[in-house]
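Here is data-v3.pdb, consisting of PDB, C-alpha atoms:
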ATOM      1  CA  MET N   1      71.855  -4.501  53.610
ATOM      2  CA  LYS N   2      71.120  -4.335  50.010
ATOM      3  CA  GLU N   3      69.680  -1.289  48.670
ATOM      4  CA  LYS N   4      66.411  -1.676  46.878
ATOM      5  CA  LYS N   5      66.288  -0.139  43.535
ATOM      6  CA  SER N   6      63.089   1.495  42.690
ATOM      7  CA  VAL N   7      61.857   1.284  39.221
ATOM      8  CA  VAL N   8      59.975   4.209  37.915
ATOM      9  CA  VAL N   9      57.620   3.455  35.099
ATOM     10  CA  ARG N  10      56.897   6.409  33.027
ATOM     11  CA  LYS N  11      53.682   6.371  31.125
ATOM     12  CA  LYS N  12      54.236   7.266  27.582
ATOM     13  CA  ARG N  13      51.554   9.433  26.103
ATOM     14  CA  LEU N  14      50.357   8.399  22.730
ATOM     15  CA  SER N  15      50.803  10.878  19.983
ATOM     16  CA  PRO N  16      47.660  12.001  18.154
ATOM     17  CA  LEU N  17      48.658   9.795  15.229
ATOM     18  CA  GLU N  18      49.109   6.726  17.457
ATOM     19  CA  LEU N  19      45.832   7.461  19.226
ATOM     20  CA  GLY N  20      44.083   7.717  15.877
ATOM     21  CA  LEU N  21      45.528   4.391  14.728
ATOM     22  CA  VAL N  22      44.385   2.668  17.933
ATOM     23  CA  GLY N  23      40.898   4.112  17.401
ATOM     24  CA  VAL N  24      40.784   2.848  13.815
ATOM     25  CA  ILE N  25      41.899  -0.628  14.914
ATOM     26  CA  VAL N  26      39.252  -0.753  17.671
ATOM     27  CA  LEU N  27      36.545   0.363  15.235
ATOM     28  CA  ALA N  28      37.680  -2.191  12.638
ATOM     29  CA  ILE N  29      37.538  -5.018  15.173
ATOM     30  CA  ALA N  30      34.139  -3.913  16.504
ATOM     31  CA  GLY N  31      32.803  -3.551  12.967
ATOM     32  CA  SER N  32      34.035  -6.997  11.994
ATOM     33  CA  ILE N  33      32.398  -8.568  15.023
ATOM     34  CA  TRP N  34      29.159  -6.729  14.322
ATOM     35  CA  MET N  35      29.185  -7.812  10.679
ATOM     36  CA  LEU N  36      29.738 -11.443  11.645
ATOM     37  CA  VAL N  37      27.039 -11.405  14.282
ATOM     38  CA  ASP N  38      24.425  -9.376  12.417
ATOM     39  CA  SER N  39      25.097 -10.004   8.712
ATOM     40  CA  SER N  40      21.905 -12.044   8.254
ATOM     41  CA  GLN N  41      19.847  -9.165   9.650
ATOM     42  CA  ILE N  42      21.577  -6.699   7.336
ATOM     43  CA  LYS N  43      20.883  -8.888   4.301
ATOM     44  CA  ARG N  44      17.261  -9.214   5.367
ATOM     45  CA  GLN N  45      16.871  -5.428   5.772
ATOM     46  CA  ASN N  46      18.394  -4.735   2.355
ATOM     47  CA  THR N  47      16.146  -7.299   0.688
ATOM     48  CA  PRO N  48      12.495  -6.268   0.806
ATOM     49  CA  PHE N  49       9.678  -8.565   1.772
ATOM     50  CA  GLU N  50       7.372  -8.828  -1.238
ATOM     51  CA  ARG N  51       3.936 -10.305  -1.636
ATOM     52  CA  THR N  52       1.618 -10.165  -4.630
ATOM     53  CA  GLY N  53      -2.105 -10.721  -4.462
ATOM     54  CA  TYR N  54      -5.230  -9.967  -6.422
ATOM     55  CA  ALA N  55      -8.062  -7.678  -5.341
ATOM     56  CA  MET N  56     -10.640  -5.426  -6.977
ATOM     57  CA  GLY N  57      -9.709  -6.654 -10.426
ATOM     58  CA  SER N  58      -6.027  -5.731 -10.086
ATOM     59  CA  LEU N  59      -2.758  -7.141  -8.922
ATOM     60  CA  VAL N  60      -1.779  -5.824  -5.502
ATOM     61  CA  GLN N  61       1.991  -5.710  -4.941
ATOM     62  CA  GLN N  62       3.303  -5.127  -1.426
ATOM     63  CA  THR N  63       6.955  -4.250  -0.821
ATOM     64  CA  ILE N  64       7.934  -3.941   2.830
ATOM     65  CA  TYR N  65      11.190  -2.422   4.108
ATOM     66  CA  PRO N  66      12.948  -3.453   6.231
ATOM     67  CA  ASN N  67      12.370  -7.158   5.852
ATOM     68  CA  THR N  68      11.955  -8.271   9.459
ATOM     69  CA  GLU N  69      10.341 -11.168  11.235
ATOM     70  CA  ASP N  70       7.151  -9.067  11.371
ATOM     71  CA  SER N  71       6.981  -8.379   7.612
ATOM     72  CA  SER N  72       4.847 -11.409   6.788
ATOM     73  CA  GLU N  73       2.428 -10.526   9.570
ATOM     74  CA  ALA N  74       2.263  -6.912   8.378
ATOM     75  CA  ALA N  75       1.560  -8.047   4.808
ATOM     76  CA  ALA N  76      -1.181 -10.369   6.059
ATOM     77  CA  ALA N  77      -2.772  -7.457   7.952
ATOM     78  CA  VAL N  78      -2.684  -5.328   4.787
ATOM     79  CA  ASN N  79      -4.254  -8.183   2.773
ATOM     80  CA  SER N  80      -6.964  -8.499   5.391
ATOM     81  CA  GLU N  81      -7.730  -4.770   5.230
ATOM     82  CA  ILE N  82      -7.799  -4.812   1.423
ATOM     83  CA  ALA N  83     -10.202  -7.760   1.493
ATOM     84  CA  ALA N  84     -12.467  -5.951   3.969
ATOM     85  CA  LEU N  85     -12.410  -2.848   1.789
ATOM     86  CA  GLU N  86     -13.127  -4.904  -1.310
ATOM     87  CA  ASN N  87     -16.108  -6.509   0.434
ATOM     88  CA  ASP N  88     -17.523  -3.010   0.999
ATOM     89  CA  ILE N  89     -16.758  -1.231  -2.269
ATOM     90  CA  SER N  90     -16.250  -3.724  -5.093
ATOM     91  CA  TRP N  91     -18.986  -3.792  -7.708
ATOM     92  CA  ARG N  92     -17.857  -7.379  -8.425
ATOM     93  CA  ILE N  93     -18.894  -8.712  -5.000
ATOM     94  CA  GLU N  94     -22.550  -9.508  -4.492
ATOM     95  CA  GLY N  95     -23.878  -7.734  -1.417
ATOM     96  CA  SER N  96     -21.134  -5.099  -1.274
ATOM     97  CA  ASP N  97     -22.237  -1.511  -0.709
ATOM     98  CA  VAL N  98     -21.375  -0.495  -4.271
ATOM     99  CA  GLU N  99     -23.033  -3.548  -5.818
ATOM    100  CA  ARG N 100     -26.207  -2.756  -3.855
ATOM    101  CA  ILE N 101     -26.064   0.925  -4.891
ATOM    102  CA  ASN N 102     -25.806  -0.135  -8.552
ATOM    103  CA  LYS N 103     -28.555  -2.741  -8.170
ATOM    104  CA  ASN N 104     -30.920  -0.161  -6.632
ATOM    105  CA  ALA N 105     -30.046   2.670  -9.026
ATOM    106  CA  GLY N 106     -33.102   4.759  -9.781
ATOM    107  CA  LYS N 107     -35.151   2.850  -7.185
ATOM    108  CA  ALA N 108     -34.003   3.573  -3.638
ATOM    109  CA  GLY N 109     -31.157   4.757  -1.461
ATOM    110  CA  VAL N 110     -28.985   2.120   0.180
ATOM    111  CA  GLN N 111     -27.613   1.885   3.708
ATOM    112  CA  ILE N 112     -23.786   1.794   3.476
ATOM    113  CA  GLU N 113     -20.768   1.499   5.766
ATOM    114  CA  ASP N 114     -19.192   4.702   7.080
ATOM    115  CA  ARG N 115     -15.967   3.889   5.222
ATOM    116  CA  THR N 116     -17.877   3.522   1.946
ATOM    117  CA  ALA N 117     -19.652   6.833   2.514
ATOM    118  CA  SER N 118     -16.329   8.567   3.164
ATOM    119  CA  LEU N 119     -14.737   7.035   0.050
ATOM    120  CA  LEU N 120     -17.720   7.965  -2.122
ATOM    121  CA  GLU N 121     -17.633  11.547  -0.854
ATOM    122  CA  THR N 122     -13.925  11.717  -1.657
ATOM    123  CA  ALA N 123     -14.600  10.257  -5.118
ATOM    124  CA  LEU N 124     -17.306  12.862  -5.764
ATOM    125  CA  LEU N 125     -14.975  15.637  -4.635
ATOM    126  CA  ALA N 126     -12.284  14.352  -7.030
ATOM    127  CA  ALA N 127     -14.860  14.228  -9.835
ATOM    128  CA  GLU N 128     -15.924  17.816  -9.169
ATOM    129  CA  LYS N 129     -12.367  19.141  -8.875
ATOM    130  CA  SER N 130     -11.296  17.354 -12.070
ATOM    131  CA  GLY N 131     -14.318  18.567 -14.007
ATOM    132  CA  GLY N 132     -15.406  14.959 -14.505
ATOM    133  CA  ALA N 133     -12.015  13.656 -15.735
ATOM    134  CA  TYR N 134     -12.276  11.292 -12.789
ATOM    135  CA  ASN N 135     -15.711   9.704 -12.756
ATOM    136  CA  PRO N 136     -16.758   7.160 -10.116
ATOM    137  CA  THR N 137     -19.900   6.291 -12.124
ATOM    138  CA  VAL N 138     -18.176   5.113 -15.318
ATOM    139  CA  LEU N 139     -18.950   1.397 -14.807
ATOM    140  CA  PRO N 140     -21.748   1.119 -17.425
ATOM    141  CA  LEU N 141     -19.286   2.320 -20.072
ATOM    142  CA  SER N 142     -16.226   0.385 -18.919
ATOM    143  CA  LEU N 143     -18.211  -2.875 -19.018
ATOM    144  CA  LEU N 144     -18.548  -2.423 -22.780
ATOM    145  CA  TRP N 145     -14.792  -2.996 -23.226
ATOM    146  CA  ASN N 146     -14.608  -6.331 -21.323
ATOM    147  CA  PHE N 147     -11.627  -5.219 -19.225
ATOM    148  CA  ASP N 148     -12.283  -8.017 -16.714
ATOM    149  CA  ASP N 149     -12.259 -10.868 -19.223
ATOM    150  CA  PRO N 150      -8.699 -11.712 -20.282
ATOM    151  CA  GLU N 151     -10.055 -14.386 -22.656
ATOM    152  CA  ALA N 152     -12.309 -11.970 -24.556
ATOM    153  CA  SER N 153     -11.105 -10.676 -27.862
ATOM    154  CA  PHE N 154     -11.225  -6.931 -28.043
ATOM    155  CA  SER N 155     -13.490  -5.098 -30.358
ATOM    156  CA  PRO N 156     -14.652  -1.584 -29.645
ATOM    157  CA  PRO N 157     -18.330  -1.208 -28.814
ATOM    158  CA  GLU N 158     -20.688   0.337 -31.298
ATOM    159  CA  GLN N 159     -20.849   4.128 -31.081
ATOM    160  CA  ASP N 160     -24.631   4.199 -30.621
ATOM    161  CA  LEU N 161     -24.327   1.798 -27.645
ATOM    162  CA  VAL N 162     -21.678   4.050 -26.042
ATOM    163  CA  GLU N 163     -23.856   7.113 -26.597
ATOM    164  CA  SER N 164     -26.894   5.387 -25.091
ATOM    165  CA  LEU N 165     -24.942   4.633 -21.878
ATOM    166  CA  LEU N 166     -23.220   8.021 -21.539
ATOM    167  CA  PRO N 167     -26.059   9.506 -19.448
ATOM    168  CA  LEU N 168     -25.550   6.735 -16.886
ATOM    169  CA  ALA N 169     -21.903   7.729 -16.411
ATOM    170  CA  ASP N 170     -22.701  11.018 -14.695
ATOM    171  CA  TYR N 171     -21.255  11.496 -11.228
ATOM    172  CA  SER N 172     -23.840  14.184 -10.410
ATOM    173  CA  ARG N 173     -26.408  11.343 -10.299
ATOM    174  CA  LEU N 174     -24.710   9.914  -7.190
ATOM    175  CA  SER N 175     -25.588  11.394  -3.812
ATOM    176  CA  VAL N 176     -24.158  10.414  -0.446
ATOM    177  CA  ASN N 177     -25.569  11.241   2.973
ATOM    178  CA  THR N 178     -22.782  10.488   5.455
ATOM    179  CA  ALA N 179     -24.919  11.460   8.453
ATOM    180  CA  ALA N 180     -27.568   8.905   7.512
ATOM    181  CA  GLY N 181     -25.054   6.444   6.076
ATOM    182  CA  THR N 182     -26.866   6.178   2.752
ATOM    183  CA  ALA N 183     -26.109   6.552  -0.932
ATOM    184  CA  TYR N 184     -28.439   6.931  -3.886
ATOM    185  CA  LEU N 185     -27.689   6.618  -7.588
ATOM    186  CA  GLU N 186     -30.362   8.069  -9.880
TER     187      GLU N 186
END
Let's see the structure in the file written out as structure tokens.
Amino acid sequence: MKEKKSVVVRKKRLSPLELGLVGVIVLAIAGSIWMLVDSSQIKRQNTPFERTGYAMGSLVQQTIYPNTEDSSEAAAAVNSEIAALENDISWRIEGSDVERINKNAGKAGVQIEDRTASLLETALLAAEKSGGAYNPTVLPLSLLWNFDDPEASFSPPEQDLVESLLPLADYSRLSVNTAAGTAYLE
């Protein structure tokens, strides 16, 4: 009978250097696969989603990071909220809370939205804390400069006209009752 030879396989332990090299190779392969599979997503996340609109007499620029499939929907939601806010507080929009406050100045208080009342209270607080440097009632004066008409040629208003309108630009003439949801401009 033939004798069977047994083969003993000895497992060689990898040295720390060899183990490190294997780890680097595995990471490089995994990273390459990930880059190939997900490179479009990476490019999208590094490139912001941007949308520009116009509201309240100004350009509104939105920049959304990361740029995902939901970015356009998020920007649309922001535009919708800005439009709703503009409908409440823009003096340019007939029927808005602020337009009605201005229209009824010196006559009667006006029922306003809760959001408008909160914003007006915040504006009055800013006016008080800034000593009037911020003034939410400056519209009669700012209209003299034709800021909203890009076609108008600029010429400063006459000094006597500015002085005659100064009393109207007084934030202490605006009162807000948030409990009743009203505002009154003297």
Starting from 3 Å padding per side, set up an axis-aligned box that covers all listed atoms of stretch 53-62 of chain N and hand over centre and edge lengths in Å, one decimal, as lines of an AutoDock Vina configuration file.
center_x = -3.7
center_y = -7.9
center_z = -5.9
size_x = 19.9
size_y = 11.6
size_z = 15.0
Could you spell out the hits of the PyMOL selection byres ((chain N and resi 82-97) around 12) on the shown file, as a PyMOL selection string? chain N and resi 53-62+75-81+98-104+109-120+136-140+143+148+181-185
**OP:** For atom CA of N:Tyr171 and atom CA of N:Ser142, determine how far apart the two atoms are, in Å to one decimal place.
**Re:**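 Computing the Euclidean distance for atom CA of N:Tyr171 and atom CA of N:Ser142 yields 14.4 Å.
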- [ ] Grab the atom CA of N:Asp149 to atom CA of N:Lys107 distance for me, in Å with one decimal place.
- [x]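 For atom CA of N:Asp149 relative to atom CA of N:Lys107, the distance reads 29.3 Å.
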Tell me which of N:Thr52, N:Thr63, N:Thr47, N:Glu121 sits closest to N:Ser175, counting all atoms listed in the file.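 Comparing N:Thr52, N:Thr63, N:Thr47, N:Glu121 against N:Ser175, the winner is N:Glu121.
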Excluding same-chain residues fewer than 5 positions from N:Ala133, what lies within 12 Å of it counting all atoms listed in the file, as a list in words?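 The neighbour list is Ala123, Leu124, Leu125, Ala126, Ala127, Glu128, Val138, Ala169, Asp170 and Tyr171 of chain N.
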Counting all atoms listed in the file, the residue among N:Leu141, N:Ala108, N:Ala179, N:Ile64 that lies closest to N:Pro167 is N:Leu141
Take atom CA of N:Leu174 and atom CA of N:Leu161 and report the distance between them in Å, one decimal.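 Interatomic distance, atom CA of N:Leu174 to atom CA of N:Leu161: 22.0 Å.
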* Asked: So, counting all atoms listed in the file, which residue among N:Thr122, N:Asn135, N:Ser71, N:Gln159 is closest to N:Ser172?
  ->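 Distance minimum relative to N:Ser172 lands on N:Asn135.
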Selection: 8 Å around N:Pro157, all atoms listed in the file, excl. self and same-chain fewer than 5 positions, as a list in words: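 So, after excluding close chain neighbours, the residues are Leu144, Trp145 and Val162 of chain N.
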Across N:Asn46, N:Asn177, N:Lys129, N:Leu168, the smallest distance to N:Ala105, with all atoms listed in the file counted, is shown by N:Leu168
